[in-house]
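Dumped protein36.json below, it's JSON, C-alpha atoms:
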[["chain", "number", "residue", "atom", "x", "y", "z"],
["A", 1, "MET", "CA", 145.23, 184.95, 83.30],
["A", 2, "ASP", "CA", 148.89, 184.14, 83.87],
["A", 3, "ALA", "CA", 150.48, 180.81, 82.99],
["A", 4, "GLN", "CA", 150.36, 179.64, 86.59],
["A", 5, "GLY", "CA", 146.64, 180.39, 86.83],
["A", 6, "ALA", "CA", 145.94, 178.64, 83.53],
["A", 7, "ALA", "CA", 147.84, 175.58, 84.74],
["A", 8, "ALA", "CA", 145.83, 175.58, 87.97],
["A", 9, "ASP", "CA", 142.59, 175.49, 85.96],
["A", 10, "THR", "CA", 143.69, 172.52, 83.86],
["A", 11, "PRO", "CA", 141.85, 169.39, 85.07],
["A", 12, "ARG", "CA", 144.07, 166.52, 86.23],
["A", 13, "ILE", "CA", 142.64, 163.06, 85.62],
["A", 14, "ALA", "CA", 144.37, 159.97, 86.97],
["A", 15, "PHE", "CA", 143.79, 156.82, 84.89],
["A", 16, "ILE", "CA", 144.96, 153.59, 86.53],
["A", 17, "PRO", "CA", 144.70, 150.42, 84.43],
["A", 18, "GLY", "CA", 144.67, 146.82, 85.62],
["A", 19, "ILE", "CA", 148.13, 146.25, 84.12],
["A", 20, "SER", "CA", 149.68, 148.89, 81.89],
["A", 21, "SER", "CA", 151.52, 146.50, 79.55],
["A", 22, "ASP", "CA", 148.43, 144.53, 78.51],
["A", 23, "PRO", "CA", 147.37, 145.40, 74.93],
["A", 24, "PHE", "CA", 143.79, 146.00, 76.10],
["A", 25, "PHE", "CA", 144.99, 148.74, 78.45],
["A", 26, "VAL", "CA", 147.55, 150.02, 75.95],
["A", 27, "ALA", "CA", 144.65, 150.67, 73.57],
["A", 28, "MET", "CA", 142.93, 152.54, 76.41],
["A", 29, "GLU", "CA", 146.06, 154.60, 77.07],
["A", 30, "ILE", "CA", 146.38, 155.59, 73.40],
["A", 31, "ALA", "CA", 142.77, 156.78, 73.32],
["A", 32, "ALA", "CA", 143.16, 158.61, 76.63],
["A", 33, "GLN", "CA", 146.30, 160.41, 75.47],
["A", 34, "GLU", "CA", 144.52, 161.47, 72.29],
["A", 35, "GLN", "CA", 141.64, 162.83, 74.38],
["A", 36, "ALA", "CA", 144.05, 164.71, 76.65],
["A", 37, "GLU", "CA", 145.63, 166.45, 73.67],
["A", 38, "GLU", "CA", 142.28, 167.20, 72.06],
["A", 39, "LEU", "CA", 140.38, 168.36, 75.17],
["A", 40, "GLY", "CA", 143.22, 170.03, 77.08],
["A", 41, "PHE", "CA", 143.41, 168.18, 80.38],
["A", 42, "GLU", "CA", 146.39, 166.65, 82.17],
["A", 43, "LEU", "CA", 146.39, 162.85, 82.05],
["A", 44, "VAL", "CA", 148.19, 160.93, 84.78],
["A", 45, "TYR", "CA", 148.25, 157.39, 83.35],
["A", 46, "GLN", "CA", 150.10, 154.98, 85.59],
["A", 47, "GLY", "CA", 149.97, 151.36, 86.67],
["A", 48, "SER", "CA", 151.97, 148.19, 87.17],
["A", 49, "SER", "CA", 153.53, 146.85, 83.99],
["A", 50, "SER", "CA", 154.07, 143.33, 85.28],
["A", 51, "ASP", "CA", 151.46, 142.28, 87.81],
["A", 52, "TYR", "CA", 147.66, 142.31, 87.67],
["A", 53, "SER", "CA", 146.84, 142.34, 91.36],
["A", 54, "PRO", "CA", 145.51, 144.70, 94.04],
["A", 55, "GLN", "CA", 148.90, 144.58, 95.76],
["A", 56, "ALA", "CA", 150.52, 146.00, 92.62],
["A", 57, "GLN", "CA", 147.72, 148.44, 91.84],
["A", 58, "LEU", "CA", 147.06, 150.01, 95.23],
["A", 59, "PRO", "CA", 150.34, 152.02, 95.44],
["A", 60, "PHE", "CA", 149.45, 153.76, 92.18],
["A", 61, "VAL", "CA", 145.98, 154.59, 93.48],
["A", 62, "GLU", "CA", 147.39, 155.93, 96.74],
["A", 63, "SER", "CA", 149.94, 158.00, 94.84],
["A", 64, "ALA", "CA", 147.25, 159.49, 92.60],
["A", 65, "LEU", "CA", 144.98, 160.37, 95.53],
["A", 66, "ALA", "CA", 147.90, 162.16, 97.21],
["A", 67, "ASP", "CA", 148.70, 164.07, 94.03],
["A", 68, "ASP", "CA", 145.90, 166.65, 93.81],
["A", 69, "ILE", "CA", 143.88, 164.99, 91.06],
["A", 70, "ASP", "CA", 140.40, 166.14, 90.02],
["A", 71, "ALA", "CA", 139.02, 162.74, 88.93],
["A", 72, "LEU", "CA", 140.01, 159.09, 89.09],
["A", 73, "ILE", "CA", 139.41, 156.49, 86.38],
["A", 74, "ILE", "CA", 140.35, 152.98, 87.44],
["A", 75, "ALA", "CA", 140.07, 149.37, 86.29],
["A", 76, "PRO", "CA", 139.99, 147.59, 89.68],
["A", 77, "THR", "CA", 142.00, 144.39, 89.83],
["A", 78, "ASP", "CA", 139.78, 143.13, 92.67],
["A", 79, "GLY", "CA", 136.24, 144.26, 93.40],
["A", 80, "ASP", "CA", 136.66, 144.07, 97.18],
["A", 81, "ALA", "CA", 140.28, 145.15, 97.59],
["A", 82, "LEU", "CA", 139.77, 148.45, 95.74],
["A", 83, "GLN", "CA", 136.55, 149.36, 97.53],
["A", 84, "ALA", "CA", 138.30, 151.38, 100.24],
["A", 85, "SER", "CA", 140.15, 153.40, 97.58],
["A", 86, "VAL", "CA", 136.85, 154.43, 96.01],
["A", 87, "GLN", "CA", 135.56, 155.48, 99.44],
["A", 88, "ARG", "CA", 138.74, 157.45, 100.13],
["A", 89, "ALA", "CA", 138.53, 159.25, 96.78],
["A", 90, "THR", "CA", 134.88, 160.11, 97.33],
["A", 91, "ALA", "CA", 135.67, 161.44, 100.79],
["A", 92, "GLN", "CA", 138.28, 163.70, 99.18],
["A", 93, "GLY", "CA", 135.73, 164.98, 96.69],
["A", 94, "VAL", "CA", 137.35, 163.11, 93.78],
["A", 95, "PRO", "CA", 134.79, 161.58, 91.41],
["A", 96, "VAL", "CA", 135.53, 157.95, 90.49],
["A", 97, "ILE", "CA", 134.71, 156.13, 87.27],
["A", 98, "THR", "CA", 135.49, 152.47, 86.81],
["A", 99, "VAL", "CA", 136.30, 151.02, 83.39],
["A", 100, "ASP", "CA", 136.28, 147.39, 82.31],
["A", 101, "THR", "CA", 136.15, 145.93, 85.84],
["A", 102, "THR", "CA", 134.47, 147.52, 88.84],
["A", 103, "VAL", "CA", 134.12, 147.39, 92.62],
["A", 104, "THR", "CA", 131.63, 145.30, 94.57],
["A", 105, "ASP", "CA", 129.63, 148.28, 95.84],
["A", 106, "GLN", "CA", 129.14, 150.76, 93.02],
["A", 107, "SER", "CA", 126.98, 153.20, 94.96],
["A", 108, "GLU", "CA", 129.73, 155.82, 95.29],
["A", 109, "LEU", "CA", 130.84, 155.69, 91.66],
["A", 110, "VAL", "CA", 130.06, 158.42, 89.18],
["A", 111, "SER", "CA", 129.85, 155.81, 86.43],
["A", 112, "HIS", "CA", 130.95, 152.36, 85.31],
["A", 113, "VAL", "CA", 131.93, 151.84, 81.67],
["A", 114, "THR", "CA", 132.52, 148.34, 80.38],
["A", 115, "GLY", "CA", 132.07, 145.86, 77.61],
["A", 116, "ASP", "CA", 129.05, 143.55, 77.74],
["A", 117, "ASN", "CA", 130.88, 140.74, 79.46],
["A", 118, "GLU", "CA", 127.94, 138.47, 80.17],
["A", 119, "ASP", "CA", 126.85, 138.74, 76.55],
["A", 120, "GLY", "CA", 130.45, 138.14, 75.47],
["A", 121, "GLY", "CA", 130.38, 134.84, 77.34],
["A", 122, "ARG", "CA", 127.03, 134.01, 75.79],
["A", 123, "GLN", "CA", 128.33, 134.78, 72.29],
["A", 124, "ALA", "CA", 131.36, 132.59, 72.99],
["A", 125, "ALA", "CA", 129.03, 129.74, 73.96],
["A", 126, "ILE", "CA", 126.94, 130.14, 70.81],
["A", 127, "ALA", "CA", 130.08, 130.15, 68.67],
["A", 128, "MET", "CA", 131.45, 127.14, 70.55],
["A", 129, "ALA", "CA", 128.23, 125.19, 70.00],
["A", 130, "GLU", "CA", 128.46, 125.82, 66.27],
["A", 131, "LEU", "CA", 132.12, 124.83, 66.18],
["A", 132, "VAL", "CA", 131.63, 121.51, 68.02],
["A", 133, "GLY", "CA", 128.37, 120.62, 66.30],
["A", 134, "GLY", "CA", 126.33, 121.06, 69.45],
["A", 135, "ASP", "CA", 127.86, 118.04, 71.16],
["A", 136, "GLY", "CA", 131.00, 117.42, 73.21],
["A", 137, "GLN", "CA", 133.12, 118.34, 76.21],
["A", 138, "VAL", "CA", 134.44, 121.88, 76.66],
["A", 139, "PHE", "CA", 136.77, 123.48, 79.19],
["A", 140, "VAL", "CA", 136.77, 127.06, 80.52],
["A", 141, "MET", "CA", 140.09, 128.77, 81.33],
["A", 142, "SER", "CA", 139.40, 131.96, 83.27],
["A", 143, "GLY", "CA", 141.54, 134.64, 84.89],
["A", 144, "ALA", "CA", 140.42, 134.91, 88.51],
["A", 145, "PRO", "CA", 137.21, 134.43, 90.49],
["A", 146, "THR", "CA", 137.51, 137.95, 91.95],
["A", 147, "ILE", "CA", 137.68, 139.82, 88.61],
["A", 148, "THR", "CA", 134.20, 141.05, 87.70],
["A", 149, "THR", "CA", 134.69, 140.86, 83.93],
["A", 150, "ASP", "CA", 135.89, 137.27, 84.11],
["A", 151, "THR", "CA", 133.07, 136.10, 86.35],
["A", 152, "GLN", "CA", 130.47, 137.72, 84.09],
["A", 153, "ARG", "CA", 131.94, 136.10, 80.98],
["A", 154, "VAL", "CA", 131.98, 132.69, 82.62],
["A", 155, "GLU", "CA", 128.42, 133.19, 83.84],
["A", 156, "GLY", "CA", 127.23, 134.13, 80.35],
["A", 157, "PHE", "CA", 128.98, 131.12, 78.83],
["A", 158, "VAL", "CA", 127.67, 128.64, 81.39],
["A", 159, "ASN", "CA", 124.11, 129.97, 81.30],
["A", 160, "GLU", "CA", 123.94, 129.77, 77.50],
["A", 161, "ILE", "CA", 125.33, 126.22, 77.41],
["A", 162, "GLU", "CA", 123.02, 124.98, 80.16],
["A", 163, "ALA", "CA", 119.94, 126.67, 78.73],
["A", 164, "ASN", "CA", 120.30, 125.90, 75.03],
["A", 165, "HIS", "CA", 122.96, 123.26, 74.39],
["A", 166, "PRO", "CA", 122.17, 120.19, 76.51],
["A", 167, "ASP", "CA", 124.60, 117.92, 74.68],
["A", 168, "ILE", "CA", 127.61, 120.07, 75.55],
["A", 169, "GLU", "CA", 129.30, 119.29, 78.87],
["A", 170, "ILE", "CA", 131.48, 121.84, 80.65],
["A", 171, "VAL", "CA", 134.11, 119.59, 82.22],
["A", 172, "GLY", "CA", 135.96, 122.25, 84.18],
["A", 173, "ILE", "CA", 136.39, 125.92, 85.04],
["A", 174, "GLU", "CA", 139.90, 126.82, 86.17],
["A", 175, "TYR", "CA", 141.81, 130.05, 86.88],
["A", 176, "ALA", "CA", 145.19, 131.17, 85.55],
["A", 177, "TYR", "CA", 145.47, 134.43, 87.58],
["A", 178, "SER", "CA", 146.81, 136.26, 84.51],
["A", 179, "GLN", "CA", 149.73, 133.83, 84.18],
["A", 180, "PRO", "CA", 149.96, 132.19, 80.72],
["A", 181, "THR", "CA", 152.10, 129.33, 82.05],
["A", 182, "GLU", "CA", 149.43, 128.52, 84.62],
["A", 183, "ALA", "CA", 146.82, 128.38, 81.86],
["A", 184, "THR", "CA", 149.06, 126.09, 79.81],
["A", 185, "THR", "CA", 149.52, 123.73, 82.75],
["A", 186, "LYS", "CA", 145.80, 123.52, 83.50],
["A", 187, "ILE", "CA", 144.77, 123.05, 79.86],
["A", 188, "ASN", "CA", 147.45, 120.38, 79.46],
["A", 189, "ALA", "CA", 145.82, 118.56, 82.38],
["A", 190, "ALA", "CA", 142.36, 118.94, 80.85],
["A", 191, "LEU", "CA", 143.57, 117.50, 77.55],
["A", 192, "LEU", "CA", 145.00, 114.49, 79.40],
["A", 193, "ASN", "CA", 141.91, 113.99, 81.55],
["A", 194, "TYR", "CA", 139.47, 114.43, 78.67],
["A", 195, "PRO", "CA", 141.04, 112.98, 75.51],
["A", 196, "ASP", "CA", 137.88, 113.79, 73.54],
["A", 197, "LEU", "CA", 137.88, 117.45, 74.59],
["A", 198, "ALA", "CA", 136.15, 119.41, 71.84],
["A", 199, "GLY", "CA", 136.72, 123.01, 72.83],
["A", 200, "VAL", "CA", 138.37, 125.56, 75.14],
["A", 201, "PHE", "CA", 137.02, 128.99, 76.06],
["A", 202, "ALA", "CA", 139.89, 131.27, 77.15],
["A", 203, "VAL", "CA", 138.14, 133.99, 79.10],
["A", 204, "GLU", "CA", 140.92, 136.62, 78.99],
["A", 205, "GLY", "CA", 144.08, 137.36, 77.04],
["A", 206, "ASN", "CA", 146.68, 135.64, 79.20],
["A", 207, "SER", "CA", 144.54, 132.52, 79.35],
["A", 208, "GLY", "CA", 144.45, 132.64, 75.56],
["A", 209, "VAL", "CA", 148.24, 132.79, 75.32],
["A", 210, "GLY", "CA", 148.48, 129.75, 77.58],
["A", 211, "ALA", "CA", 145.76, 127.94, 75.65],
["A", 212, "VAL", "CA", 147.53, 128.35, 72.32],
["A", 213, "ALA", "CA", 150.73, 126.96, 73.87],
["A", 214, "ALA", "CA", 148.88, 123.98, 75.35],
["A", 215, "LEU", "CA", 147.14, 123.09, 72.09],
["A", 216, "ARG", "CA", 150.41, 123.39, 70.21],
["A", 217, "ASN", "CA", 152.15, 121.15, 72.76],
["A", 218, "ALA", "CA", 149.43, 118.54, 72.34],
["A", 219, "ASP", "CA", 149.35, 118.87, 68.54],
["A", 220, "ALA", "CA", 145.65, 119.64, 68.94],
["A", 221, "ILE", "CA", 145.41, 122.80, 66.82],
["A", 222, "GLY", "CA", 142.38, 122.37, 64.60],
["A", 223, "ASP", "CA", 141.11, 119.39, 66.59],
["A", 224, "VAL", "CA", 140.11, 121.41, 69.66],
["A", 225, "ALA", "CA", 138.15, 124.60, 69.03],
["A", 226, "LEU", "CA", 139.63, 127.61, 70.83],
["A", 227, "ILE", "CA", 137.63, 130.75, 71.50],
["A", 228, "GLY", "CA", 139.54, 133.68, 72.96],
["A", 229, "TYR", "CA", 138.62, 137.07, 74.38],
["A", 230, "ASP", "CA", 140.02, 140.39, 73.13],
["A", 231, "ALA", "CA", 141.66, 141.31, 69.86],
["A", 232, "TYR", "CA", 145.38, 141.81, 70.44],
["A", 233, "SER", "CA", 147.39, 141.99, 67.22],
["A", 234, "ASN", "CA", 148.97, 138.60, 67.94],
["A", 235, "GLN", "CA", 145.54, 137.09, 68.62],
["A", 236, "VAL", "CA", 144.18, 138.37, 65.32],
["A", 237, "ALA", "CA", 147.25, 136.96, 63.53],
["A", 238, "GLU", "CA", 146.69, 133.64, 65.27],
["A", 239, "LEU", "CA", 143.03, 133.74, 64.26],
["A", 240, "GLU", "CA", 144.17, 134.09, 60.66],
["A", 241, "GLU", "CA", 146.55, 131.15, 61.14],
["A", 242, "GLY", "CA", 143.76, 128.97, 62.50],
["A", 243, "LEU", "CA", 145.07, 128.79, 66.07],
["A", 244, "TYR", "CA", 141.95, 130.52, 67.35],
["A", 245, "SER", "CA", 138.54, 129.54, 66.03],
["A", 246, "ALA", "CA", 136.96, 132.85, 67.12],
["A", 247, "LEU", "CA", 137.68, 135.94, 69.22],
["A", 248, "ILE", "CA", 135.28, 138.03, 71.28],
["A", 249, "ALA", "CA", 136.51, 141.59, 70.70],
["A", 250, "GLN", "CA", 135.84, 144.53, 72.99],
["A", 251, "ASP", "CA", 136.33, 148.25, 72.32],
["A", 252, "PRO", "CA", 138.77, 149.49, 75.00],
["A", 253, "ALA", "CA", 139.40, 152.78, 73.20],
["A", 254, "GLU", "CA", 135.70, 153.68, 73.31],
["A", 255, "GLU", "CA", 135.53, 152.70, 76.98],
["A", 256, "ALA", "CA", 138.39, 155.11, 77.72],
["A", 257, "ARG", "CA", 136.86, 157.95, 75.70],
["A", 258, "ILE", "CA", 133.48, 157.65, 77.43],
["A", 259, "ALA", "CA", 135.09, 157.44, 80.88],
["A", 260, "ILE", "CA", 137.06, 160.62, 80.19],
["A", 261, "GLU", "CA", 133.98, 162.45, 78.94],
["A", 262, "PHE", "CA", 132.19, 161.53, 82.17],
["A", 263, "ALA", "CA", 135.20, 162.48, 84.31],
["A", 264, "LEU", "CA", 135.33, 165.95, 82.75],
["A", 265, "ALA", "CA", 131.56, 166.32, 83.14],
["A", 266, "ALA", "CA", 131.85, 165.38, 86.83],
["A", 267, "ILE", "CA", 134.68, 167.88, 87.38],
["A", 268, "GLU", "CA", 132.61, 170.61, 85.72],
["A", 269, "GLY", "CA", 129.39, 169.71, 87.55],
["A", 270, "ARG", "CA", 127.54, 168.59, 84.42],
["A", 271, "ASP", "CA", 125.77, 165.69, 86.05],
["A", 272, "ASP", "CA", 123.12, 165.48, 83.33],
["A", 273, "ASP", "CA", 125.86, 164.50, 80.84],
["A", 274, "ILE", "CA", 126.82, 161.40, 82.84],
["A", 275, "GLU", "CA", 125.28, 157.94, 82.60],
["A", 276, "ALA", "CA", 125.59, 155.72, 85.67],
["A", 277, "GLN", "CA", 126.49, 152.73, 83.51],
["A", 278, "VAL", "CA", 127.50, 152.24, 79.90],
["A", 279, "ILE", "CA", 127.77, 148.75, 78.44],
["A", 280, "ILE", "CA", 129.45, 148.52, 75.03],
["A", 281, "PRO", "CA", 128.57, 145.62, 72.71],
["A", 282, "ASN", "CA", 131.13, 143.00, 71.68],
["A", 283, "VAL", "CA", 132.05, 141.75, 68.23],
["A", 284, "VAL", "CA", 132.64, 138.10, 67.33],
["A", 285, "MET", "CA", 135.67, 137.87, 65.04],
["A", 286, "THR", "CA", 136.30, 134.83, 62.86],
["A", 287, "ALA", "CA", 138.62, 134.13, 59.96],
["A", 288, "GLU", "CA", 135.58, 134.31, 57.70],
["A", 289, "ASN", "CA", 134.42, 137.78, 58.79],
["A", 290, "LEU", "CA", 137.85, 139.30, 59.40],
["A", 291, "SER", "CA", 137.60, 141.75, 56.51],
["A", 292, "GLU", "CA", 134.61, 143.34, 58.26],
["A", 293, "THR", "CA", 135.82, 143.02, 61.86],
["A", 294, "ARG", "CA", 139.56, 143.75, 61.65],
["A", 295, "GLN", "CA", 138.84, 147.36, 62.64],
["A", 296, "TYR", "CA", 138.26, 146.08, 66.18],
["A", 297, "GLN", "CA", 141.88, 144.95, 66.54],
["A", 298, "TYR", "CA", 143.37, 146.88, 69.47],
["A", 299, "ALA", "CA", 145.61, 149.85, 68.70],
["A", 300, "GLU", "CA", 149.28, 149.58, 69.59],
["A", 301, "LYS", "CA", 152.05, 152.08, 70.32]]
Let me see whether you can do it: turn the structure in this file into structure tokens.
Amino acid sequence: MDAQGAAADTPRIAFIPGISSDPFFVAMEIAAQEQAEELGFELVYQGSSSDYSPQAQLPFVESALADDIDALIIAPTDGDALQASVQRATAQGVPVITVDTTVTDQSELVSHVTGDNEDGGRQAAIAMAELVGGDGQVFVMSGAPTITTDTQRVEGFVNEIEANHPDIEIVGIEYAYSQPTEATTKINAALLNYPDLAGVFAVEGNSGVGAVAALRNADAIGDVALIGYDAYSNQVAELEEGLYSALIAQDPAEEARIAIEFALAAIEGRDDDIEAQVIIPNVVMTAENLSETRQYQYAEK
């Protein structure tokens, strides 16, 4: 086979993150690049570096679908807005796998690979209850009501509090739309409105950044428990410093590896090697267990 023929046989997999600059997706990219080198496929990894939104993501999806790809891996920024893209890919014969987040109707997906977001919220609630002594007011700072991972985490948190911790009151659930300054503003307001606030659950990374700033501004570090989601290097450092009380860590690298394995299996027609859904457990990181859990800190370039 000549070089041109060999190139034609090389699978091309497009991988489109929610926002390419986020450490969660950077860890995915590192794992995906390693898989590309090891398994010999062409990886087209592209996405907005500054905006987590369907408006920013859709041009990258459209570009990939016009670029003769063999499979599409995507972390949808909105479950409804990206639905048509999944349908278009399927119509073109391009198998689609969602990672982290997903679309509203998953019937046309090859697979969905994600962390256990509902359980992550539940684990955050259990940790929060321990931190506040089972009694007090807590505030939830989420990303957006249209992001599936965020809604599942909030649902898990709320359900656990309501079912098992009757003396804890959730005084608000607000959305920062991936803008740390928005999270800071809304947590500042919560601290003013609820001077006895005992804890904050920051549902995603940008909300966590804003939460740390708000607690610093209010000189409330150590007085208000803060539980974050993800394990960025700065978050782990802040956990060590006592800014965070706990972190719910995912495994983005493993999500990427599994998604790629399924994409290659779909390209090669190995349907028996594909699972329709894979849910990866979370890890609760604290300053006390950091020596055992530091391995879950997200890889960086």
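Close contacts of Ala71 of chain A, defined as residues with an atom at most 10 Å away when counting only C-alpha atoms, with chain neighbours fewer than 5 positions off set aside, comprise Pro11, Arg12, Ile13, Ala14, Phe15, Ala64, Leu65, Ala89, Thr90, Gly93, Val94, Pro95, Val96, Ile97, Val110, Ile260, Phe262, Ala263, Leu264, Ala266 and Ile267 of chain A.
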So that I can check the surroundings of Glu162 of chain A, please list as an MDAnalysis selection string every protein, DNA and RNA residue that reaches within 12 Å of it, counting all atoms listed in the file and ignoring chain neighbours fewer than 6 positions away. chainID A and resid 122 125:126 129 134 155:156 168:170
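In this model, the gap between atom CA of Val140 of chain A and atom CA of Ala81 of chain A comes to 25.1 Å.
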Excluding Ile16 of chain A and any residue of its chain fewer than 3 positions from it, enumerate the residues within 8 Å of it, using all atoms listed in the file, and give them as a PyMOL selection string. chain A and resi 45-47+57+60-61+72-75
Write out the residues from the selection above, keeping C-alpha atoms, as a tab-separated table (two decimals), in the frame of the given file.
chain	number	residue	atom	x	y	z
A	45	TYR	CA	148.25	157.39	83.35
A	46	GLN	CA	150.10	154.98	85.59
A	47	GLY	CA	149.97	151.36	86.67
A	57	GLN	CA	147.72	148.44	91.84
A	60	PHE	CA	149.45	153.76	92.18
A	61	VAL	CA	145.98	154.59	93.48
A	72	LEU	CA	140.01	159.09	89.09
A	73	ILE	CA	139.41	156.49	86.38
A	74	ILE	CA	140.35	152.98	87.44
A	75	ALA	CA	140.07	149.37	86.29
Proximity to Glu240 of chain A - best of A:Thr149, A:Ser291, A:Gln123, A:Thr10, all atoms listed in the file: A:Ser291
List as a VMD selection string the residues having at least one atom at most 10 Å from position (133.8, 139.5, 91.6) as given in the file, counting all atoms listed in the file. chain A and resid 77 to 80 101 to 104 144 to 152
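Between Val284 of chain A and the candidates A:Ile227, A:Ile69, A:Met141, A:Ala256, the tightest atom-to-atom separation, counting all atoms listed in the file, involves A:Ile227.
When only C-alpha atoms are used to compute distances to Val99 of chain A, the closest of the residues A:Asp116, A:Asp135, A:Glu160, A:Glu182 turns out to be A:Asp116.
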Nearest residue to Arg257 of chain A out of A:Leu82, A:Ala163, A:Ala36, A:Val236, using only C-alpha atoms? A:Ala36
Test item: axis-aligned box, all listed atoms of segment 113-131 of chain A, 3 Å on each side, centre and edges in Å rounded to one decimal, as lines of an AutoDock Vina configuration file:
center_x = 129.7
center_y = 138.3
center_z = 73.9
size_x = 11.7
size_y = 33.0
size_z = 21.5
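Candidate residues A:Ala56, A:Ala183, A:Val113, A:Leu191 were compared for distance to Gly205 of chain A, and the nearest is A:Ala183, using all atoms listed in the file.
Proximity of A:Asn193, A:Gln55, A:Ser21, A:Gln33 to Val138 of chain A, computed with all atoms listed in the file, is greatest for A:Asn193.
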Sel. within 9 Å of pt (145.1, 142.3, 69.2), counting all atoms listed in the file, output as a ChimeraX atom specification: /A:23-24,230-237,249,296-300
With only C-alpha atoms as the counted atoms, please give the residues lying no more than 12 Å from Gly172 of chain A, apart from itself and same-chain residues fewer than 4 positions off, as an NGL selection string. :A and (137-142 or 154 or 158 or 186-187 or 189-191 or 193-194 or 197 or 199-201)
Asn282 of chain A: which residues within 8 Å, counting all atoms listed in the file, same-chain residues fewer than 4 positions away excluded, as a list in words? Gly115, Asp116, Asp119, Gly120, Ile248, Ala249, Gln250 and Asp251 of chain A
Atoms to include: C-alpha atoms. Write the selected residues as a short mmCIF file (atom, residue, chain, number, x, y, z; two decimals), keeping the file's coordinate frame.
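As a result, result23.cif now contains:
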data_model
loop_
_atom_site.label_atom_id
_atom_site.label_comp_id
_atom_site.auth_asym_id
_atom_site.auth_seq_id
_atom_site.Cartn_x
_atom_site.Cartn_y
_atom_site.Cartn_z
CA GLY A 115 132.07 145.86 77.61
CA ASP A 116 129.05 143.55 77.74
CA ASP A 119 126.85 138.74 76.55
CA GLY A 120 130.45 138.14 75.47
CA ILE A 248 135.28 138.03 71.28
CA ALA A 249 136.51 141.59 70.70
CA GLN A 250 135.84 144.53 72.99
CA ASP A 251 136.33 148.25 72.32
#
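One distance worth recording is that between atom CA of Val26 of chain A and atom CA of Ala253 of chain A, which is 9.0 Å.
In this model, the gap between atom CA of Thr286 of chain A and atom CA of Tyr244 of chain A comes to 8.4 Å.
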Could you model all heavy atoms for segment 263-267 of chain A and present them as a short mmCIF file (atom, residue, chain, number, x, y, z; two decimals), keeping the file's coordinate frame?
data_model
loop_
_atom_site.label_atom_id
_atom_site.label_comp_id
_atom_site.auth_asym_id
_atom_site.auth_seq_id
_atom_site.Cartn_x
_atom_site.Cartn_y
_atom_site.Cartn_z
N ALA A 263 134.33 161.89 83.30
CA ALA A 263 135.20 162.48 84.31
C ALA A 263 135.21 164.00 84.19
O ALA A 263 135.09 164.73 85.18
CB ALA A 263 136.61 161.93 84.18
N LEU A 264 135.34 164.50 82.98
CA LEU A 264 135.33 165.95 82.75
C LEU A 264 133.97 166.54 83.12
O LEU A 264 133.91 167.63 83.72
CB LEU A 264 135.67 166.25 81.30
CG LEU A 264 137.13 165.98 80.89
CD1 LEU A 264 137.30 166.12 79.38
CD2 LEU A 264 138.08 166.92 81.62
N ALA A 265 132.90 165.83 82.79
CA ALA A 265 131.56 166.32 83.14
C ALA A 265 131.40 166.39 84.66
O ALA A 265 130.82 167.35 85.20
CB ALA A 265 130.50 165.41 82.54
N ALA A 266 131.94 165.38 85.37
CA ALA A 266 131.85 165.38 86.83
C ALA A 266 132.65 166.53 87.43
O ALA A 266 132.19 167.20 88.37
CB ALA A 266 132.34 164.05 87.38
N ILE A 267 133.84 166.79 86.89
CA ILE A 267 134.68 167.88 87.38
C ILE A 267 133.97 169.22 87.19
O ILE A 267 134.02 170.10 88.06
CB ILE A 267 136.03 167.89 86.63
CG1 ILE A 267 136.86 166.65 87.03
CG2 ILE A 267 136.81 169.16 86.93
CD1 ILE A 267 138.07 166.42 86.14
#
